[in-house]
$ cat structure_18.cif   # mmCIF, N, CA, C and O atoms
data_protein
#
loop_
_atom_site.label_atom_id
_atom_site.label_comp_id
_atom_site.auth_asym_id
_atom_site.auth_seq_id
_atom_site.Cartn_x
_atom_site.Cartn_y
_atom_site.Cartn_z
N MET A 1 7.16 4.78 6.13
CA MET A 1 8.18 4.99 7.12
C MET A 1 7.71 4.44 8.46
O MET A 1 6.53 4.39 8.72
N GLN A 2 8.65 4.06 9.26
CA GLN A 2 8.33 3.52 10.58
C GLN A 2 8.35 4.64 11.62
O GLN A 2 9.29 5.43 11.67
N ASN A 3 7.30 4.68 12.42
CA ASN A 3 7.21 5.65 13.51
C ASN A 3 8.21 5.27 14.58
O ASN A 3 8.16 4.17 15.11
N ARG A 4 9.12 6.16 14.91
CA ARG A 4 10.13 5.87 15.92
C ARG A 4 9.54 5.78 17.33
O ARG A 4 10.14 5.18 18.20
N GLY A 5 8.38 6.40 17.55
CA GLY A 5 7.77 6.37 18.87
C GLY A 5 7.15 5.05 19.23
O GLY A 5 7.39 4.49 20.29
N ASP A 6 6.32 4.51 18.31
CA ASP A 6 5.61 3.26 18.64
C ASP A 6 5.91 2.11 17.68
O ASP A 6 5.37 1.02 17.86
N GLY A 7 6.74 2.33 16.67
CA GLY A 7 7.14 1.25 15.78
C GLY A 7 6.15 0.91 14.68
O GLY A 7 6.41 0.03 13.87
N THR A 8 5.00 1.62 14.61
CA THR A 8 4.03 1.33 13.56
C THR A 8 4.51 1.92 12.24
O THR A 8 5.33 2.85 12.20
N TRP A 9 4.01 1.38 11.14
CA TRP A 9 4.37 1.84 9.81
C TRP A 9 3.28 2.74 9.27
O TRP A 9 2.09 2.50 9.51
N ALA A 10 3.66 3.78 8.53
CA ALA A 10 2.69 4.74 8.01
C ALA A 10 3.18 5.34 6.70
O ALA A 10 4.37 5.31 6.40
N VAL A 11 2.23 5.88 5.95
CA VAL A 11 2.52 6.64 4.75
C VAL A 11 2.33 8.11 5.13
O VAL A 11 1.30 8.48 5.69
N TYR A 12 3.30 8.94 4.84
CA TYR A 12 3.23 10.36 5.15
C TYR A 12 2.98 11.14 3.87
O TYR A 12 3.61 10.88 2.84
N LEU A 13 2.04 12.07 3.92
CA LEU A 13 1.65 12.87 2.76
C LEU A 13 1.92 14.34 3.05
O LEU A 13 1.74 14.80 4.17
N ALA A 14 2.33 15.09 2.03
CA ALA A 14 2.55 16.52 2.18
C ALA A 14 2.13 17.21 0.89
O ALA A 14 2.33 16.70 -0.21
N ARG A 15 1.53 18.38 1.05
CA ARG A 15 1.08 19.15 -0.11
C ARG A 15 1.30 20.63 0.15
O ARG A 15 0.96 21.14 1.22
N ARG A 16 1.86 21.31 -0.80
CA ARG A 16 2.07 22.76 -0.70
C ARG A 16 0.71 23.46 -0.77
O ARG A 16 -0.17 23.08 -1.53
N LEU A 17 0.55 24.52 0.02
CA LEU A 17 -0.68 25.31 0.04
C LEU A 17 -0.32 26.74 -0.38
O LEU A 17 0.54 27.38 0.24
N ASP A 18 -0.96 27.22 -1.47
CA ASP A 18 -0.71 28.56 -2.00
C ASP A 18 -1.96 29.42 -1.88
O ASP A 18 -3.09 28.90 -1.88
N ASP A 19 -1.77 30.73 -1.84
CA ASP A 19 -2.91 31.65 -1.87
C ASP A 19 -3.33 31.83 -3.33
O ASP A 19 -2.70 31.28 -4.24
N PRO A 20 -4.42 32.58 -3.60
CA PRO A 20 -4.89 32.75 -4.99
C PRO A 20 -3.85 33.37 -5.93
O PRO A 20 -3.93 33.20 -7.14
N ASN A 21 -2.86 34.07 -5.38
CA ASN A 21 -1.82 34.68 -6.20
C ASN A 21 -0.60 33.78 -6.39
O ASN A 21 0.38 34.18 -6.98
N GLY A 22 -0.67 32.57 -5.84
CA GLY A 22 0.43 31.63 -5.99
C GLY A 22 1.50 31.77 -4.93
O GLY A 22 2.54 31.12 -5.03
N GLN A 23 1.28 32.61 -3.93
CA GLN A 23 2.26 32.78 -2.86
C GLN A 23 2.14 31.62 -1.86
O GLN A 23 1.04 31.18 -1.53
N PHE A 24 3.27 31.18 -1.39
CA PHE A 24 3.32 30.06 -0.45
C PHE A 24 2.66 30.45 0.88
O PHE A 24 2.99 31.47 1.48
N LEU A 25 1.69 29.63 1.32
CA LEU A 25 1.03 29.83 2.61
C LEU A 25 1.51 28.84 3.67
O LEU A 25 1.49 29.14 4.84
N GLY A 26 1.90 27.67 3.23
CA GLY A 26 2.32 26.65 4.19
C GLY A 26 2.18 25.27 3.59
O GLY A 26 2.07 25.10 2.37
N MET A 27 2.15 24.28 4.46
CA MET A 27 2.04 22.88 4.05
C MET A 27 0.87 22.23 4.74
O MET A 27 0.58 22.53 5.90
N VAL A 28 0.22 21.33 4.04
CA VAL A 28 -0.80 20.46 4.62
C VAL A 28 -0.15 19.09 4.73
O VAL A 28 0.37 18.56 3.75
N LEU A 29 -0.14 18.54 5.94
CA LEU A 29 0.52 17.26 6.19
C LEU A 29 -0.50 16.24 6.68
O LEU A 29 -1.46 16.60 7.36
N GLY A 30 -0.26 15.00 6.35
CA GLY A 30 -1.13 13.93 6.81
C GLY A 30 -0.38 12.63 6.95
O GLY A 30 0.70 12.45 6.38
N THR A 31 -0.96 11.73 7.72
CA THR A 31 -0.37 10.41 7.93
C THR A 31 -1.47 9.37 7.81
O THR A 31 -2.56 9.56 8.34
N ILE A 32 -1.19 8.29 7.11
CA ILE A 32 -2.12 7.17 7.01
C ILE A 32 -1.39 5.93 7.50
O ILE A 32 -0.36 5.54 6.94
N SER A 33 -1.91 5.31 8.52
CA SER A 33 -1.33 4.09 9.06
C SER A 33 -1.49 2.96 8.05
O SER A 33 -2.54 2.82 7.42
N LEU A 34 -0.45 2.13 7.91
CA LEU A 34 -0.57 0.98 7.01
C LEU A 34 -1.60 0.00 7.53
O LEU A 34 -2.22 -0.74 6.76
N ARG A 35 -1.84 -0.01 8.83
CA ARG A 35 -2.89 -0.85 9.41
C ARG A 35 -4.26 -0.48 8.83
O ARG A 35 -5.11 -1.32 8.65
N TYR A 36 -4.46 0.81 8.52
CA TYR A 36 -5.71 1.26 7.89
C TYR A 36 -5.94 0.49 6.59
O TYR A 36 -7.03 -0.01 6.34
N PHE A 37 -4.92 0.43 5.74
CA PHE A 37 -5.06 -0.27 4.46
C PHE A 37 -5.33 -1.76 4.69
O PHE A 37 -6.17 -2.36 4.01
N GLU A 38 -4.60 -2.37 5.62
CA GLU A 38 -4.80 -3.79 5.91
C GLU A 38 -6.23 -4.04 6.39
O GLU A 38 -6.88 -5.00 5.96
N ASN A 39 -6.75 -3.18 7.27
CA ASN A 39 -8.12 -3.33 7.75
C ASN A 39 -9.13 -3.09 6.64
O ASN A 39 -10.14 -3.80 6.53
N PHE A 40 -8.87 -2.09 5.80
CA PHE A 40 -9.76 -1.79 4.68
C PHE A 40 -9.81 -2.97 3.71
O PHE A 40 -10.88 -3.41 3.30
N PHE A 41 -8.64 -3.49 3.35
CA PHE A 41 -8.60 -4.64 2.45
C PHE A 41 -9.29 -5.84 3.08
O PHE A 41 -9.98 -6.60 2.41
N GLY A 42 -9.09 -6.04 4.38
CA GLY A 42 -9.69 -7.16 5.08
C GLY A 42 -11.20 -7.07 5.16
O GLY A 42 -11.89 -8.09 5.29
N ALA A 43 -11.76 -5.86 5.09
CA ALA A 43 -13.21 -5.67 5.17
C ALA A 43 -13.90 -5.98 3.85
O ALA A 43 -15.12 -6.09 3.80
N THR A 44 -13.13 -6.10 2.77
CA THR A 44 -13.73 -6.43 1.48
C THR A 44 -13.97 -7.93 1.40
O THR A 44 -13.30 -8.71 2.06
N SER A 45 -14.93 -8.32 0.60
CA SER A 45 -15.23 -9.75 0.44
C SER A 45 -14.55 -10.23 -0.84
O SER A 45 -15.09 -10.11 -1.93
N LEU A 46 -13.36 -10.78 -0.68
CA LEU A 46 -12.57 -11.19 -1.83
C LEU A 46 -12.80 -12.64 -2.24
O LEU A 46 -12.58 -13.00 -3.37
N GLY A 47 -13.17 -13.47 -1.30
CA GLY A 47 -13.31 -14.89 -1.58
C GLY A 47 -12.08 -15.65 -1.14
O GLY A 47 -11.01 -15.07 -0.92
N ASP A 48 -12.23 -16.94 -1.01
CA ASP A 48 -11.13 -17.79 -0.56
C ASP A 48 -9.93 -17.70 -1.49
O ASP A 48 -10.07 -17.72 -2.70
N GLY A 49 -8.76 -17.59 -0.88
CA GLY A 49 -7.52 -17.58 -1.65
C GLY A 49 -7.20 -16.26 -2.34
O GLY A 49 -6.23 -16.17 -3.06
N SER A 50 -8.02 -15.23 -2.11
CA SER A 50 -7.79 -13.93 -2.75
C SER A 50 -6.91 -13.04 -1.87
O SER A 50 -6.84 -13.23 -0.67
N SER A 51 -6.27 -12.09 -2.50
CA SER A 51 -5.48 -11.11 -1.75
C SER A 51 -5.50 -9.79 -2.51
O SER A 51 -5.77 -9.73 -3.70
N VAL A 52 -5.20 -8.73 -1.77
CA VAL A 52 -5.09 -7.38 -2.32
C VAL A 52 -3.77 -6.83 -1.82
O VAL A 52 -3.41 -7.04 -0.66
N ALA A 53 -3.06 -6.11 -2.67
CA ALA A 53 -1.79 -5.52 -2.26
C ALA A 53 -1.73 -4.07 -2.69
O ALA A 53 -2.31 -3.68 -3.70
N LEU A 54 -1.03 -3.28 -1.90
CA LEU A 54 -0.75 -1.88 -2.22
C LEU A 54 0.75 -1.76 -2.33
O LEU A 54 1.48 -2.16 -1.42
N ALA A 55 1.23 -1.24 -3.47
CA ALA A 55 2.67 -1.14 -3.71
C ALA A 55 3.01 0.22 -4.29
O ALA A 55 2.17 0.87 -4.91
N ARG A 56 4.26 0.62 -4.08
CA ARG A 56 4.75 1.86 -4.69
C ARG A 56 5.08 1.60 -6.15
O ARG A 56 5.15 0.46 -6.60
N GLU A 57 5.30 2.66 -6.89
CA GLU A 57 5.65 2.53 -8.30
C GLU A 57 6.97 1.80 -8.52
O GLU A 57 7.19 1.21 -9.57
N ASP A 58 7.86 1.80 -7.52
CA ASP A 58 9.12 1.08 -7.66
C ASP A 58 8.98 -0.40 -7.30
O ASP A 58 9.94 -1.15 -7.31
N GLY A 59 7.75 -0.84 -6.99
CA GLY A 59 7.48 -2.24 -6.70
C GLY A 59 7.55 -2.61 -5.24
O GLY A 59 7.26 -3.75 -4.88
N ALA A 60 7.89 -1.69 -4.35
CA ALA A 60 7.97 -2.00 -2.92
C ALA A 60 6.57 -2.25 -2.37
O ALA A 60 5.67 -1.44 -2.56
N LEU A 61 6.40 -3.37 -1.69
CA LEU A 61 5.12 -3.73 -1.09
C LEU A 61 4.86 -2.85 0.13
O LEU A 61 5.70 -2.76 1.03
N ILE A 62 3.71 -2.20 0.18
CA ILE A 62 3.36 -1.33 1.30
C ILE A 62 2.41 -2.05 2.25
O ILE A 62 2.61 -2.05 3.46
N ALA A 63 1.35 -2.64 1.71
CA ALA A 63 0.38 -3.35 2.55
C ALA A 63 -0.23 -4.47 1.73
O ALA A 63 -0.33 -4.37 0.51
N ARG A 64 -0.65 -5.53 2.42
CA ARG A 64 -1.27 -6.66 1.73
C ARG A 64 -2.25 -7.33 2.67
O ARG A 64 -2.03 -7.42 3.87
N PHE A 65 -3.36 -7.79 2.12
CA PHE A 65 -4.31 -8.63 2.83
C PHE A 65 -4.75 -9.69 1.84
O PHE A 65 -5.05 -9.39 0.70
N SER A 66 -4.77 -10.87 2.11
CA SER A 66 -4.36 -11.50 3.33
C SER A 66 -2.84 -11.52 3.40
O SER A 66 -2.17 -11.49 2.39
N SER A 67 -2.34 -11.59 4.61
CA SER A 67 -0.89 -11.53 4.77
C SER A 67 -0.23 -12.72 4.10
O SER A 67 -0.86 -13.75 3.88
N VAL A 68 1.02 -12.58 3.79
CA VAL A 68 1.77 -13.64 3.12
C VAL A 68 1.87 -14.85 4.04
O VAL A 68 2.28 -14.74 5.19
N ASP A 69 1.44 -15.99 3.53
CA ASP A 69 1.58 -17.24 4.27
C ASP A 69 3.06 -17.56 4.40
O ASP A 69 3.82 -17.42 3.46
N ARG A 70 3.46 -17.98 5.57
CA ARG A 70 4.89 -18.27 5.78
C ARG A 70 5.40 -19.37 4.85
O ARG A 70 6.58 -19.44 4.57
N ASN A 71 4.50 -20.21 4.35
CA ASN A 71 4.91 -21.28 3.45
C ASN A 71 4.90 -20.83 1.99
O ASN A 71 5.33 -21.56 1.12
N GLU A 72 4.39 -19.64 1.74
CA GLU A 72 4.29 -19.13 0.37
C GLU A 72 5.38 -18.09 0.15
O GLU A 72 5.52 -17.14 0.91
N ALA A 73 6.15 -18.26 -0.88
CA ALA A 73 7.20 -17.30 -1.20
C ALA A 73 6.57 -16.06 -1.84
O ALA A 73 5.76 -16.18 -2.74
N TRP A 74 6.91 -14.89 -1.34
CA TRP A 74 6.41 -13.64 -1.92
C TRP A 74 7.44 -13.13 -2.91
O TRP A 74 8.62 -13.06 -2.62
N THR A 75 6.97 -12.78 -4.10
CA THR A 75 7.85 -12.20 -5.10
C THR A 75 7.25 -10.88 -5.59
O THR A 75 6.07 -10.62 -5.39
N MET A 76 8.05 -10.09 -6.24
CA MET A 76 7.58 -8.82 -6.79
C MET A 76 6.93 -9.01 -8.15
O MET A 76 6.39 -8.07 -8.71
N ALA A 77 6.92 -10.20 -8.69
CA ALA A 77 6.40 -10.44 -10.03
C ALA A 77 4.94 -9.97 -10.19
O ALA A 77 4.63 -9.29 -11.18
N PRO A 78 4.02 -10.29 -9.25
CA PRO A 78 2.64 -9.80 -9.42
C PRO A 78 2.56 -8.27 -9.41
O PRO A 78 1.77 -7.69 -10.16
N ILE A 79 3.36 -7.62 -8.58
CA ILE A 79 3.36 -6.16 -8.54
C ILE A 79 3.86 -5.60 -9.86
O ILE A 79 3.27 -4.67 -10.42
N GLN A 80 4.91 -6.18 -10.40
CA GLN A 80 5.44 -5.71 -11.68
C GLN A 80 4.42 -5.90 -12.79
O GLN A 80 4.25 -5.04 -13.65
N ARG A 81 3.69 -7.04 -12.78
CA ARG A 81 2.65 -7.26 -13.79
C ARG A 81 1.53 -6.24 -13.63
O ARG A 81 0.99 -5.73 -14.62
N ALA A 82 1.14 -5.94 -12.39
CA ALA A 82 0.08 -4.96 -12.15
C ALA A 82 0.50 -3.57 -12.64
O ALA A 82 -0.29 -2.87 -13.29
N LEU A 83 1.72 -3.17 -12.34
CA LEU A 83 2.19 -1.86 -12.79
C LEU A 83 2.23 -1.79 -14.31
O LEU A 83 1.85 -0.77 -14.90
N SER A 84 2.63 -2.85 -14.96
CA SER A 84 2.68 -2.89 -16.42
C SER A 84 1.28 -2.83 -17.02
O SER A 84 1.09 -2.32 -18.13
N ALA A 85 0.28 -3.34 -16.28
CA ALA A 85 -1.10 -3.38 -16.77
C ALA A 85 -1.90 -2.15 -16.34
O ALA A 85 -3.11 -2.13 -16.49
N GLY A 86 -1.25 -1.15 -15.78
CA GLY A 86 -1.96 0.06 -15.38
C GLY A 86 -2.37 0.08 -13.93
O GLY A 86 -3.08 0.97 -13.50
N GLY A 87 -1.99 -0.91 -13.15
CA GLY A 87 -2.22 -0.87 -11.71
C GLY A 87 -3.06 -1.99 -11.14
O GLY A 87 -3.06 -2.20 -9.94
N ILE A 88 -3.82 -2.71 -11.97
CA ILE A 88 -4.71 -3.75 -11.45
C ILE A 88 -4.53 -5.03 -12.25
O ILE A 88 -4.50 -5.00 -13.47
N ILE A 89 -4.41 -6.14 -11.54
CA ILE A 89 -4.45 -7.45 -12.19
C ILE A 89 -5.36 -8.37 -11.39
O ILE A 89 -5.53 -8.19 -10.18
N ARG A 90 -5.92 -9.33 -12.05
CA ARG A 90 -6.69 -10.37 -11.39
C ARG A 90 -6.18 -11.69 -11.93
O ARG A 90 -6.25 -11.95 -13.12
N GLU A 91 -5.60 -12.48 -11.05
CA GLU A 91 -5.04 -13.76 -11.47
C GLU A 91 -5.04 -14.71 -10.27
O GLU A 91 -5.01 -14.26 -9.12
N PRO A 92 -5.08 -16.00 -10.52
CA PRO A 92 -5.05 -16.95 -9.40
C PRO A 92 -3.69 -16.93 -8.71
O PRO A 92 -2.66 -16.74 -9.37
N SER A 93 -3.71 -17.09 -7.41
CA SER A 93 -2.45 -17.17 -6.68
C SER A 93 -1.81 -18.52 -6.96
O SER A 93 -2.51 -19.48 -7.31
N PRO A 94 -0.48 -18.61 -6.83
CA PRO A 94 0.19 -19.88 -7.09
C PRO A 94 -0.36 -21.03 -6.22
O PRO A 94 -0.48 -22.14 -6.68
N SER A 95 -0.72 -20.74 -4.99
CA SER A 95 -1.22 -21.80 -4.10
C SER A 95 -2.60 -22.28 -4.53
O SER A 95 -2.96 -23.42 -4.30
N MET A 96 -3.40 -21.43 -5.18
CA MET A 96 -4.73 -21.83 -5.65
C MET A 96 -4.66 -22.55 -6.98
O MET A 96 -5.56 -23.28 -7.33
N ALA A 97 -3.61 -22.34 -7.73
CA ALA A 97 -3.48 -22.95 -9.06
C ALA A 97 -3.13 -24.42 -8.98
O ALA A 97 -3.24 -25.14 -9.94
N LYS A 98 -2.68 -24.88 -7.81
CA LYS A 98 -2.25 -26.28 -7.68
C LYS A 98 -3.41 -27.22 -7.62
O LYS A 98 -4.46 -26.98 -7.22
#

$ encode --input "structure_18.cif" --output "C-alpha coordinates"
Amino acid sequence: MQNRGDGTWAVYLARRLDDPNGQFLGMVLGTISLRYFENFFGATSLGDGSSVALAREDGALIARFSSVDRNEAWTMAPIQRALSAGGIIREPSPSMAK
(Lines of atoms letter the chains of each structure in order from A and count residues from 1; the text may use other names and numbers.)
(Lines give C-alpha, C1' and ligand atoms only; values in the text may rest on other atoms or scores of the structure.)
Protein backbone atom coordinates (compact mmCIF):
# COMPACT_ATOMS: atom_id res chain seq x y z
CA MET A 1 0.00 0.00 0.00
CA GLN A 2 1.10 3.54 -0.58
CA ASN A 3 1.62 5.80 2.42
CA ARG A 4 -0.66 8.81 1.97
CA GLY A 5 1.69 11.00 4.04
CA ASP A 6 4.93 10.65 2.11
CA GLY A 7 4.01 8.55 -0.94
CA THR A 8 6.34 5.63 -0.11
CA TRP A 9 5.20 2.06 -0.64
CA ALA A 10 5.10 -0.47 2.21
CA VAL A 11 3.86 -3.89 3.23
CA TYR A 12 1.64 -3.82 6.32
CA LEU A 13 1.52 -6.83 8.64
CA ALA A 14 -0.99 -7.65 11.38
CA ARG A 15 -1.24 -10.56 13.80
CA ARG A 16 -3.81 -11.35 16.45
CA LEU A 17 -2.41 -11.65 20.00
CA ASP A 18 -4.17 -14.04 22.43
CA ASP A 19 -3.58 -14.87 26.09
CA PRO A 20 -2.85 -18.49 27.16
CA ASN A 21 -6.61 -19.15 27.36
CA GLY A 22 -7.20 -18.00 23.79
CA GLN A 23 -8.80 -14.69 24.77
CA PHE A 24 -8.13 -11.76 22.48
CA LEU A 25 -5.50 -9.35 23.89
CA GLY A 26 -4.97 -7.11 20.90
CA MET A 27 -3.07 -6.82 17.65
CA VAL A 28 0.61 -6.64 16.79
CA LEU A 29 1.13 -4.39 13.77
CA GLY A 30 4.17 -3.77 11.63
CA THR A 31 5.25 -2.04 8.45
CA ILE A 32 8.08 -2.93 6.08
CA SER A 33 9.10 -0.36 3.50
CA LEU A 34 9.47 -1.74 -0.02
CA ARG A 35 12.72 0.24 -0.17
CA TYR A 36 14.02 -2.19 2.50
CA PHE A 37 13.56 -5.13 0.11
CA GLU A 38 15.14 -3.21 -2.78
CA ASN A 39 18.16 -2.32 -0.62
CA PHE A 40 18.41 -5.88 0.72
CA PHE A 41 18.29 -7.36 -2.78
CA GLY A 42 20.80 -4.77 -3.98
CA ALA A 43 23.25 -5.75 -1.21
CA THR A 44 23.44 -9.32 -2.49
CA SER A 45 26.06 -10.26 -5.06
CA LEU A 46 23.99 -11.59 -7.93
CA GLY A 47 26.33 -11.04 -10.85
CA ASP A 48 25.87 -9.14 -14.08
CA GLY A 49 22.41 -9.33 -15.60
CA SER A 50 20.85 -10.93 -12.51
CA SER A 51 17.73 -9.77 -10.72
CA VAL A 52 15.63 -10.71 -7.71
CA ALA A 53 11.91 -10.08 -7.38
CA LEU A 54 9.38 -10.27 -4.57
CA ALA A 55 5.80 -10.96 -5.64
CA ARG A 56 2.47 -11.77 -4.05
CA GLU A 57 0.78 -15.11 -4.63
CA ASP A 58 -1.52 -13.45 -7.18
CA GLY A 59 1.55 -12.49 -9.24
CA ALA A 60 1.64 -8.78 -8.37
CA LEU A 61 5.23 -7.49 -8.33
CA ILE A 62 6.10 -5.95 -4.95
CA ALA A 63 9.82 -5.22 -5.26
CA ARG A 64 12.61 -5.97 -7.70
CA PHE A 65 16.35 -5.42 -7.96
CA SER A 66 17.75 -4.56 -10.37
CA SER A 67 14.95 -2.32 -11.49
CA VAL A 68 13.28 -2.98 -14.80
CA ASP A 69 15.24 -1.45 -17.66
CA ARG A 70 13.02 0.95 -19.57
CA ASN A 71 13.97 -0.88 -22.77
CA GLU A 72 13.05 -4.27 -21.31
CA ALA A 73 9.41 -5.30 -21.22
CA TRP A 74 8.36 -6.67 -17.82
CA THR A 75 5.92 -9.56 -17.85
CA MET A 76 4.39 -11.69 -15.13
CA ALA A 77 5.61 -14.88 -16.81
CA PRO A 78 8.73 -15.31 -14.58
CA ILE A 79 6.62 -14.76 -11.45
CA GLN A 80 4.07 -17.32 -12.61
CA ARG A 81 6.87 -19.83 -13.32
CA ALA A 82 8.38 -19.20 -9.87
CA LEU A 83 5.04 -19.69 -8.13
CA SER A 84 4.47 -22.93 -10.05
CA ALA A 85 7.95 -24.12 -9.03
CA GLY A 86 7.41 -23.46 -5.33
CA GLY A 87 8.66 -19.88 -5.22
CA ILE A 88 12.17 -19.86 -6.70
CA ILE A 89 13.47 -20.02 -10.25
CA ARG A 90 16.88 -19.43 -11.75
CA GLU A 91 16.92 -18.65 -15.44
CA PRO A 92 18.68 -16.25 -17.79
CA SER A 93 16.95 -12.96 -18.43
CA PRO A 94 15.76 -12.35 -21.99
CA SER A 95 18.35 -9.57 -22.44
CA MET A 96 21.20 -11.92 -21.40
CA ALA A 97 20.03 -14.74 -23.67
CA LYS A 98 20.65 -12.68 -26.80

$ closest_residue --input "structure_18.cif" --among "A:Arg81, A:Asp19, A:Ala14, A:Phe65" --to "A:Phe40" --atoms "all atoms listed in the file"
A:Phe65

$ resolve_selection --input "structure_18.cif" --expression "the PyMOL selection byres (((chain A and resi 36 and name CA) around 12) and name CA)" --output "list in words"
Thr8, Trp9, Ala10, Val11, Thr31, Ile32, Ser33, Leu34, Arg35, Phe37, Glu38, Asn39, Phe40, Phe41, Gly42, Ala43, Leu54, Ile62, Ala63, Arg64 and Phe65 of chain A

$ residues_around --input "structure_18.cif" --residues "A:Gln80" --least-positions-apart "3" --cutoff "8 Å" --atoms "all atoms listed in the file" --output "JSON, numbers by chain"
{"A": [56, 57, 58, 59, 75, 76, 77, 83, 84, 85, 86, 87]}

$ closest_residue --input "structure_18.cif" --among "A:Ile79, A:Thr44, A:Leu17, A:Gly26" --to "A:Ala60" --atoms "only N, CA, C and O atoms"
A:Ile79

$ resolve_selection --input "structure_18.cif" --expression "the PyMOL selection byres (((chain A and resi 16 and name CA) around 10) and name CA)" --output "PyMOL selection string"
chain A and resi 14-15+17-18+24-29

$ atom_distance --input "structure_18.cif" --atom1 "atom N of A:Gly30" --atom2 "atom O of A:Tyr12"
6.7 Å

$ closest_residue --input "structure_18.cif" --among "A:Leu61, A:Ser51, A:Arg4, A:Leu13" --to "A:Ile89" --atoms "only N, CA, C and O atoms"
A:Ser51

$ atom_distance --input "structure_18.cif" --atom1 "atom C of A:Ala55" --atom2 "atom C of A:Met1"
14.2 Å

$ select_by_dssp --input "structure_18.cif" --residues "stretch 2-74 of chain A" --states "strand (DSSP E or B)" --output "MDAnalysis selection string"
chainID A and resid 2 9:18 24:33 52:55 61:65

$ atom_distance --input "structure_18.cif" --atom1 "atom O of A:Ala53" --atom2 "atom N of A:Pro78"
10.7 Å
